[in-house]
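The structure appears right after this line, and notes come after that.
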Amino acid sequence: MRIGFLGVGRIGASHAAVVARHELVTSLVVADADSARARAVADELGAESVADAAAVLAAGVDAIVVATATDSHAELIAAGARAGVPVFCEKPVALDVPGTLRVLDEVRAAGTPVQIGFQRRFDAGYVAARDAVQGGRLGELRRVHAVTADPAPPHASYIPTSGGIYRDCLIHDFDIVRWVTGREVVDVTARGVNRGARFFGEAGDVDETVAMLTLDDDTLVTLHGSRYNGAGYDVRMEIAGTDATIAVGLDDHTALRSAEPGVEFPPGTPNPTFWERFADAYVAEINAFVEVVRGERPSPCSVEEALEALYVAEAATLSRLEGRRVEIAEVRK
């Protein structure tokens, strides 16, 4: 199997390293806007380096992995679909709903498998939580609380094209809430503020946010998001039912400390970045894509699934801007 990689920054290069070790993969072809970086990754992995996406697709690849800048995702997914090769792409599919719908039309017309990179679906804790919820072990689902908090903000140049905190960051929470609970989001109320660097506000974005979601069984979901979490990288979920409550991400490396006298949990060093928190999930995710390419399983996260998470992000963005509750039906095109 020959796999092409478009974009070999930190995520792309990490995916390439996992795929290079796969026993069924015989060769890699890589391209990056930074040609020197592409050559360096190719040399490290024993891969071939080419000029651009067109060259990758012309190199006889069986599939492509897209980890380029966000604003290039839509065209590269469509190009892969038109070429008839399966595509793995980091989120988002596109920067907005119309762009995502155009990609969806292309993918459906081509009949090509596409997997979108929502890696939390492959994290052992979230998998166990989903099994517990959908297996009825918590009783009747009543409440969910989710946290996504970065230890430090991204570079100022990233924010204007990121899509904002809901489309860029908390879209992972919107996806995993749907996946773990098996329910759909009905409405969103969101509020956010810019308390950190001015470049967030200058781009129309916020660095601190809270949101409340109502699911279609009346389960209430609260969500906290932050670009400034000095304690470390913190991603957790609490799921409460009438019989039991469980937590995802509560382990020796959780980025919090107990205030109770004599309690020293958690004892470990907090995860510094997303990679340490989700390293195993990223490996499982990309190995699953190899199975998709081989026709052994359907896409575990399709464009349709990514679109549903984007609808929630769009509703959250509108809610924050207009200061009101927004139903998902309002943003669904």
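Residue numbering restarts at 1 in every chain; chains get A, B, ... in the order shown in the structure tokens, and ligands count up from 1 in that same order.
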If you run DSSP on the backbone, which residues of range 71-281 of chain A are helix (DSSP H, G or I), as an mmCIF file with C-alpha atoms, in the first residue's frame?
```cif
data_model
loop_
_atom_site.group_PDB
_atom_site.id
_atom_site.type_symbol
_atom_site.label_atom_id
_atom_site.label_comp_id
_atom_site.auth_asym_id
_atom_site.auth_seq_id
_atom_site.Cartn_x
_atom_site.Cartn_y
_atom_site.Cartn_z
ATOM 1 C CA ASP A 71 -8.345 26.705 4.488
ATOM 2 C CA SER A 72 -6.962 24.093 2.057
ATOM 3 C CA HIS A 73 -8.849 21.080 3.422
ATOM 4 C CA ALA A 74 -11.982 21.355 1.294
ATOM 5 C CA GLU A 75 -10.191 21.433 -2.062
ATOM 6 C CA LEU A 76 -7.785 18.646 -1.141
ATOM 7 C CA ILE A 77 -10.562 16.341 0.078
ATOM 8 C CA ALA A 78 -12.458 17.020 -3.153
ATOM 9 C CA ALA A 79 -9.328 16.414 -5.233
ATOM 10 C CA GLY A 80 -8.759 13.083 -3.538
ATOM 11 C CA ALA A 81 -12.383 12.086 -4.021
ATOM 12 C CA ARG A 82 -12.270 13.009 -7.706
ATOM 13 C CA ALA A 83 -9.092 10.954 -8.075
ATOM 14 C CA VAL A 97 -21.324 25.059 6.314
ATOM 15 C CA PRO A 98 -21.680 25.873 2.572
ATOM 16 C CA GLY A 99 -18.098 24.764 1.959
ATOM 17 C CA THR A 100 -18.650 21.537 3.896
ATOM 18 C CA LEU A 101 -21.830 20.814 1.945
ATOM 19 C CA ARG A 102 -19.949 21.277 -1.335
ATOM 20 C CA VAL A 103 -17.328 18.771 -0.210
ATOM 21 C CA LEU A 104 -20.051 16.365 0.880
ATOM 22 C CA ASP A 105 -21.621 16.542 -2.582
ATOM 23 C CA GLU A 106 -18.249 15.774 -4.191
ATOM 24 C CA VAL A 107 -17.576 12.856 -1.855
ATOM 25 C CA ARG A 108 -21.025 11.356 -2.341
ATOM 26 C CA ALA A 109 -20.762 11.684 -6.118
ATOM 27 C CA ALA A 110 -17.360 9.984 -6.124
ATOM 28 C CA GLN A 119 -9.283 11.553 17.439
ATOM 29 C CA ARG A 120 -11.241 11.552 20.695
ATOM 30 C CA ARG A 121 -13.394 8.780 19.217
ATOM 31 C CA PHE A 122 -10.293 6.567 19.532
ATOM 32 C CA ALA A 124 -9.766 4.637 25.508
ATOM 33 C CA GLY A 125 -11.605 6.757 28.087
ATOM 34 C CA TYR A 126 -14.168 8.104 25.638
ATOM 35 C CA VAL A 127 -14.658 4.632 24.158
ATOM 36 C CA ALA A 128 -15.335 3.244 27.644
ATOM 37 C CA ALA A 129 -17.715 6.115 28.407
ATOM 38 C CA ARG A 130 -19.668 5.497 25.215
ATOM 39 C CA ASP A 131 -19.965 1.812 26.051
ATOM 40 C CA ALA A 132 -21.181 2.657 29.563
ATOM 41 C CA VAL A 133 -23.779 5.183 28.374
ATOM 42 C CA GLN A 134 -25.108 3.184 25.486
ATOM 43 C CA ILE A 159 -6.458 32.988 15.008
ATOM 44 C CA PRO A 160 -7.835 35.084 12.076
ATOM 45 C CA THR A 161 -8.142 31.988 9.840
ATOM 46 C CA ILE A 165 -12.879 28.904 19.249
ATOM 47 C CA TYR A 166 -16.035 26.883 18.547
ATOM 48 C CA ARG A 167 -15.139 25.773 15.005
ATOM 49 C CA ASP A 168 -11.447 25.307 15.739
ATOM 50 C CA ILE A 171 -15.851 21.302 17.743
ATOM 51 C CA HIS A 172 -14.064 18.282 19.227
ATOM 52 C CA ASP A 173 -16.373 18.510 22.254
ATOM 53 C CA PHE A 174 -19.465 18.895 20.086
ATOM 54 C CA ASP A 175 -18.486 15.765 18.155
ATOM 55 C CA ILE A 176 -17.630 13.666 21.184
ATOM 56 C CA VAL A 177 -20.808 14.636 23.044
ATOM 57 C CA ARG A 178 -22.841 13.299 20.119
ATOM 58 C CA TRP A 179 -20.682 10.188 19.820
ATOM 59 C CA VAL A 180 -20.607 9.254 23.514
ATOM 60 C CA THR A 181 -24.284 9.931 24.214
ATOM 61 C CA ARG A 198 -5.879 41.420 22.178
ATOM 62 C CA PHE A 199 -5.449 39.491 18.937
ATOM 63 C CA PHE A 200 -8.392 37.270 19.870
ATOM 64 C CA GLY A 201 -10.793 40.198 20.073
ATOM 65 C CA GLU A 202 -9.275 41.854 17.013
ATOM 66 C CA PHE A 274 -2.654 17.639 23.107
ATOM 67 C CA TRP A 275 -0.108 15.160 21.781
ATOM 68 C CA GLU A 276 0.744 13.680 25.182
ATOM 69 C CA ARG A 277 -2.951 13.525 26.101
ATOM 70 C CA PHE A 278 -4.031 11.782 22.902
ATOM 71 C CA ALA A 279 -0.913 10.020 21.561
ATOM 72 C CA ASP A 280 -2.495 6.556 21.673
ATOM 73 C CA ALA A 281 -5.716 7.864 20.120
#
```
Skip range 205-220 of chain A itself and residues of its chain fewer than 5 positions away, then list as a PyMOL selection string all residues within 10 Å of it, counting only C-alpha atoms. chain A and resi 140-147+149-150+153+159-160+162-166+170+174+177-178+181-200+225-229+240-241+312+316-317+319-321+325-327
For the strand (DSSP E or B) assignment from backbone DSSP, which residues of range 58-176 of chain A qualify? Please present them as a VMD selection string. chain A and resid 63 to 66 87 to 90 114 to 117 141 to 149
Residue selection dump (N, CA, C and O atoms) as a PDB file, in the first residue's frame:
```
ATOM      1  N   ALA A  63      -4.082   6.115  -1.177  1.00  0.00           N
ATOM      2  CA  ALA A  63      -4.864   6.977  -0.284  1.00  0.00           C
ATOM      3  C   ALA A  63      -4.014   8.190   0.045  1.00  0.00           C
ATOM      4  O   ALA A  63      -2.799   8.187  -0.156  1.00  0.00           O
ATOM      5  N   ILE A  64      -4.674   9.238   0.569  1.00  0.00           N
ATOM      6  CA  ILE A  64      -3.943  10.428   1.012  1.00  0.00           C
ATOM      7  C   ILE A  64      -4.367  10.817   2.417  1.00  0.00           C
ATOM      8  O   ILE A  64      -5.506  10.578   2.830  1.00  0.00           O
ATOM      9  N   VAL A  65      -3.417  11.423   3.129  1.00  0.00           N
ATOM     10  CA  VAL A  65      -3.656  11.980   4.457  1.00  0.00           C
ATOM     11  C   VAL A  65      -3.424  13.481   4.364  1.00  0.00           C
ATOM     12  O   VAL A  65      -2.342  13.921   3.955  1.00  0.00           O
ATOM     13  N   VAL A  66      -4.441  14.269   4.725  1.00  0.00           N
ATOM     14  CA  VAL A  66      -4.382  15.725   4.599  1.00  0.00           C
ATOM     15  C   VAL A  66      -4.217  16.347   5.981  1.00  0.00           C
ATOM     16  O   VAL A  66      -5.077  16.192   6.849  1.00  0.00           O
ATOM     17  N   VAL A  87      -9.514   9.298   1.554  1.00  0.00           N
ATOM     18  CA  VAL A  87      -8.894  10.483   2.148  1.00  0.00           C
ATOM     19  C   VAL A  87      -9.076  10.470   3.661  1.00  0.00           C
ATOM     20  O   VAL A  87     -10.181  10.262   4.156  1.00  0.00           O
ATOM     21  N   PHE A  88      -7.980  10.712   4.370  1.00  0.00           N
ATOM     22  CA  PHE A  88      -8.047  11.069   5.786  1.00  0.00           C
ATOM     23  C   PHE A  88      -7.714  12.544   5.871  1.00  0.00           C
ATOM     24  O   PHE A  88      -6.695  12.989   5.311  1.00  0.00           O
ATOM     25  N   CYS A  89      -8.532  13.325   6.580  1.00  0.00           N
ATOM     26  CA  CYS A  89      -8.273  14.753   6.705  1.00  0.00           C
ATOM     27  C   CYS A  89      -8.487  15.204   8.133  1.00  0.00           C
ATOM     28  O   CYS A  89      -9.499  14.848   8.760  1.00  0.00           O
ATOM     29  N   GLU A  90      -7.541  15.972   8.646  1.00  0.00           N
ATOM     30  CA  GLU A  90      -7.745  16.595   9.945  1.00  0.00           C
ATOM     31  C   GLU A  90      -8.952  17.530   9.867  1.00  0.00           C
ATOM     32  O   GLU A  90      -9.268  18.076   8.813  1.00  0.00           O
ATOM     33  N   VAL A 114     -14.040   8.817   3.080  1.00  0.00           N
ATOM     34  CA  VAL A 114     -13.334   9.935   3.697  1.00  0.00           C
ATOM     35  C   VAL A 114     -13.470   9.811   5.206  1.00  0.00           C
ATOM     36  O   VAL A 114     -14.576   9.600   5.712  1.00  0.00           O
ATOM     37  N   GLN A 115     -12.357   9.942   5.900  1.00  0.00           N
ATOM     38  CA  GLN A 115     -12.347   9.907   7.363  1.00  0.00           C
ATOM     39  C   GLN A 115     -11.839  11.244   7.876  1.00  0.00           C
ATOM     40  O   GLN A 115     -10.767  11.701   7.484  1.00  0.00           O
ATOM     41  N   ILE A 116     -12.616  11.872   8.766  1.00  0.00           N
ATOM     42  CA  ILE A 116     -12.233  13.156   9.345  1.00  0.00           C
ATOM     43  C   ILE A 116     -11.624  12.917  10.728  1.00  0.00           C
ATOM     44  O   ILE A 116     -12.094  12.085  11.497  1.00  0.00           O
ATOM     45  N   GLY A 117     -10.586  13.689  11.036  1.00  0.00           N
ATOM     46  CA  GLY A 117      -9.776  13.433  12.219  1.00  0.00           C
ATOM     47  C   GLY A 117     -10.323  13.948  13.533  1.00  0.00           C
ATOM     48  O   GLY A 117      -9.809  14.934  14.083  1.00  0.00           O
ATOM     49  N   LEU A 141     -29.529   8.846  31.305  1.00  0.00           N
ATOM     50  CA  LEU A 141     -28.592   9.957  31.181  1.00  0.00           C
ATOM     51  C   LEU A 141     -29.261  11.262  31.583  1.00  0.00           C
ATOM     52  O   LEU A 141     -30.365  11.571  31.148  1.00  0.00           O
ATOM     53  N   ARG A 142     -28.568  12.065  32.417  1.00  0.00           N
ATOM     54  CA  ARG A 142     -29.133  13.329  32.886  1.00  0.00           C
ATOM     55  C   ARG A 142     -28.246  14.544  32.600  1.00  0.00           C
ATOM     56  O   ARG A 142     -28.736  15.581  32.184  1.00  0.00           O
ATOM     57  N   ARG A 143     -26.924  14.419  32.839  1.00  0.00           N
ATOM     58  CA  ARG A 143     -26.043  15.586  32.725  1.00  0.00           C
ATOM     59  C   ARG A 143     -24.706  15.179  32.122  1.00  0.00           C
ATOM     60  O   ARG A 143     -24.203  14.080  32.377  1.00  0.00           O
ATOM     61  N   VAL A 144     -24.136  16.108  31.351  1.00  0.00           N
ATOM     62  CA  VAL A 144     -22.779  15.941  30.817  1.00  0.00           C
ATOM     63  C   VAL A 144     -22.039  17.261  31.021  1.00  0.00           C
ATOM     64  O   VAL A 144     -22.606  18.335  30.820  1.00  0.00           O
ATOM     65  N   HIS A 145     -20.791  17.172  31.428  1.00  0.00           N
ATOM     66  CA  HIS A 145     -19.942  18.363  31.525  1.00  0.00           C
ATOM     67  C   HIS A 145     -18.636  18.082  30.798  1.00  0.00           C
ATOM     68  O   HIS A 145     -18.012  17.034  31.010  1.00  0.00           O
ATOM     69  N   ALA A 146     -18.224  18.988  29.917  1.00  0.00           N
ATOM     70  CA  ALA A 146     -17.007  18.803  29.136  1.00  0.00           C
ATOM     71  C   ALA A 146     -16.087  20.007  29.295  1.00  0.00           C
ATOM     72  O   ALA A 146     -16.546  21.142  29.434  1.00  0.00           O
ATOM     73  N   VAL A 147     -14.787  19.738  29.277  1.00  0.00           N
ATOM     74  CA  VAL A 147     -13.767  20.776  29.399  1.00  0.00           C
ATOM     75  C   VAL A 147     -12.725  20.583  28.307  1.00  0.00           C
ATOM     76  O   VAL A 147     -12.249  19.463  28.098  1.00  0.00           O
ATOM     77  N   THR A 148     -12.382  21.648  27.614  1.00  0.00           N
ATOM     78  CA  THR A 148     -11.212  21.666  26.737  1.00  0.00           C
ATOM     79  C   THR A 148     -10.456  22.951  27.026  1.00  0.00           C
ATOM     80  O   THR A 148     -10.967  24.046  26.783  1.00  0.00           O
ATOM     81  N   ALA A 149      -9.239  22.808  27.562  1.00  0.00           N
ATOM     82  CA  ALA A 149      -8.476  23.979  27.979  1.00  0.00           C
ATOM     83  C   ALA A 149      -7.021  23.823  27.549  1.00  0.00           C
ATOM     84  O   ALA A 149      -6.335  22.887  27.977  1.00  0.00           O
TER      85      ALA A 149
END
```
Applying 8 Å and only C-alpha atoms, which residues near Asp62 in chain A remain after dropping the ones on its own chain fewer than 3 positions away? List them as an mmCIF file with N, CA, C and O atoms, in the first residue's frame.
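Written output follows (result00.cif):
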```cif
data_model
loop_
_atom_site.group_PDB
_atom_site.id
_atom_site.type_symbol
_atom_site.label_atom_id
_atom_site.label_comp_id
_atom_site.auth_asym_id
_atom_site.auth_seq_id
_atom_site.Cartn_x
_atom_site.Cartn_y
_atom_site.Cartn_z
ATOM 1 N N MET A 1 0.848 -1.190 0.000
ATOM 2 C CA MET A 1 0.000 0.000 0.000
ATOM 3 C C MET A 1 0.888 1.247 0.000
ATOM 4 O O MET A 1 1.864 1.327 0.744
ATOM 5 N N ARG A 2 0.539 2.214 -0.834
ATOM 6 C CA ARG A 2 1.321 3.441 -0.978
ATOM 7 C C ARG A 2 0.445 4.617 -0.533
ATOM 8 O O ARG A 2 -0.650 4.830 -1.088
ATOM 9 N N ILE A 3 0.899 5.362 0.477
ATOM 10 C CA ILE A 3 0.098 6.423 1.073
ATOM 11 C C ILE A 3 0.765 7.775 0.836
ATOM 12 O O ILE A 3 1.983 7.924 1.022
ATOM 13 N N GLY A 4 -0.030 8.768 0.424
ATOM 14 C CA GLY A 4 0.468 10.120 0.230
ATOM 15 C C GLY A 4 0.114 11.011 1.407
ATOM 16 O O GLY A 4 -0.988 10.894 1.972
ATOM 17 N N VAL A 85 -9.329 8.160 -4.612
ATOM 18 C CA VAL A 85 -8.517 7.587 -3.537
ATOM 19 C C VAL A 85 -9.119 7.964 -2.186
ATOM 20 O O VAL A 85 -9.582 9.093 -2.000
ATOM 21 N N PRO A 86 -9.144 7.039 -1.234
ATOM 22 C CA PRO A 86 -9.642 7.358 0.099
ATOM 23 C C PRO A 86 -8.834 8.493 0.727
ATOM 24 O O PRO A 86 -7.630 8.623 0.491
ATOM 25 N N VAL A 293 -8.925 2.122 4.034
ATOM 26 C CA VAL A 293 -8.330 2.044 2.698
ATOM 27 C C VAL A 293 -8.409 0.622 2.156
ATOM 28 O O VAL A 293 -8.686 0.405 0.969
#
```
Could you pull the residues within 9 Å of range 31-46 of chain A, counting only C-alpha atoms, minus those fewer than 6 positions along the same chain, as a list in words? Gly4, Phe5, Leu6, Gly7, Val8, Gly9, Ala13, Ala16, Ala17, Ala20, Asp52, Ala53, Ala55, Val56 and Thr68 of chain A
Emit the selected residues as an mmCIF file, in the first residue's frame, including N, CA and C atoms.
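What landed in again17.cif:
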```
data_model
loop_
_atom_site.group_PDB
_atom_site.id
_atom_site.type_symbol
_atom_site.label_atom_id
_atom_site.label_comp_id
_atom_site.auth_asym_id
_atom_site.auth_seq_id
_atom_site.Cartn_x
_atom_site.Cartn_y
_atom_site.Cartn_z
ATOM 1 N N GLY A 4 -0.030 8.768 0.424
ATOM 2 C CA GLY A 4 0.468 10.120 0.230
ATOM 3 C C GLY A 4 0.114 11.011 1.407
ATOM 4 N N PHE A 5 1.024 11.897 1.775
ATOM 5 C CA PHE A 5 0.810 12.831 2.879
ATOM 6 C C PHE A 5 0.926 14.257 2.378
ATOM 7 N N LEU A 6 -0.125 15.018 2.615
ATOM 8 C CA LEU A 6 -0.155 16.434 2.251
ATOM 9 C C LEU A 6 -0.085 17.244 3.536
ATOM 10 N N GLY A 7 1.046 17.876 3.778
ATOM 11 C CA GLY A 7 1.265 18.593 5.026
ATOM 12 C C GLY A 7 1.952 17.689 6.029
ATOM 13 N N VAL A 8 3.216 18.014 6.362
ATOM 14 C CA VAL A 8 3.947 17.185 7.321
ATOM 15 C C VAL A 8 4.533 18.049 8.440
ATOM 16 N N GLY A 9 3.659 18.913 8.986
ATOM 17 C CA GLY A 9 3.988 19.592 10.232
ATOM 18 C C GLY A 9 3.915 18.577 11.361
ATOM 19 N N ALA A 13 3.471 14.821 10.231
ATOM 20 C CA ALA A 13 4.679 14.012 10.362
ATOM 21 C C ALA A 13 4.469 12.865 11.346
ATOM 22 N N ALA A 16 2.508 10.266 9.607
ATOM 23 C CA ALA A 16 3.366 9.583 8.633
ATOM 24 C C ALA A 16 4.268 8.562 9.318
ATOM 25 N N ALA A 17 4.779 8.898 10.489
ATOM 26 C CA ALA A 17 5.643 7.971 11.214
ATOM 27 C C ALA A 17 4.885 6.715 11.621
ATOM 28 N N ALA A 20 4.232 4.684 8.392
ATOM 29 C CA ALA A 20 5.469 4.094 7.877
ATOM 30 C C ALA A 20 5.802 2.777 8.573
ATOM 31 N N ASP A 52 4.000 18.975 -4.661
ATOM 32 C CA ASP A 52 2.700 19.477 -4.228
ATOM 33 C C ASP A 52 1.648 18.379 -4.259
ATOM 34 N N ALA A 53 0.397 18.779 -3.981
ATOM 35 C CA ALA A 53 -0.698 17.810 -3.909
ATOM 36 C C ALA A 53 -0.907 17.096 -5.236
ATOM 37 N N ALA A 55 1.262 16.395 -7.460
ATOM 38 C CA ALA A 55 2.319 15.401 -7.640
ATOM 39 C C ALA A 55 2.094 14.172 -6.770
ATOM 40 N N VAL A 56 1.568 14.389 -5.577
ATOM 41 C CA VAL A 56 1.242 13.253 -4.710
ATOM 42 C C VAL A 56 0.187 12.376 -5.374
ATOM 43 N N THR A 68 -2.824 19.759 6.146
ATOM 44 C CA THR A 68 -2.369 21.071 5.693
ATOM 45 C C THR A 68 -3.109 22.172 6.438
#
```
What does the distance from CA of Val29 in chain A to CA of Ala47 in chain A come to in Å, to one decimal? 5.8 Å
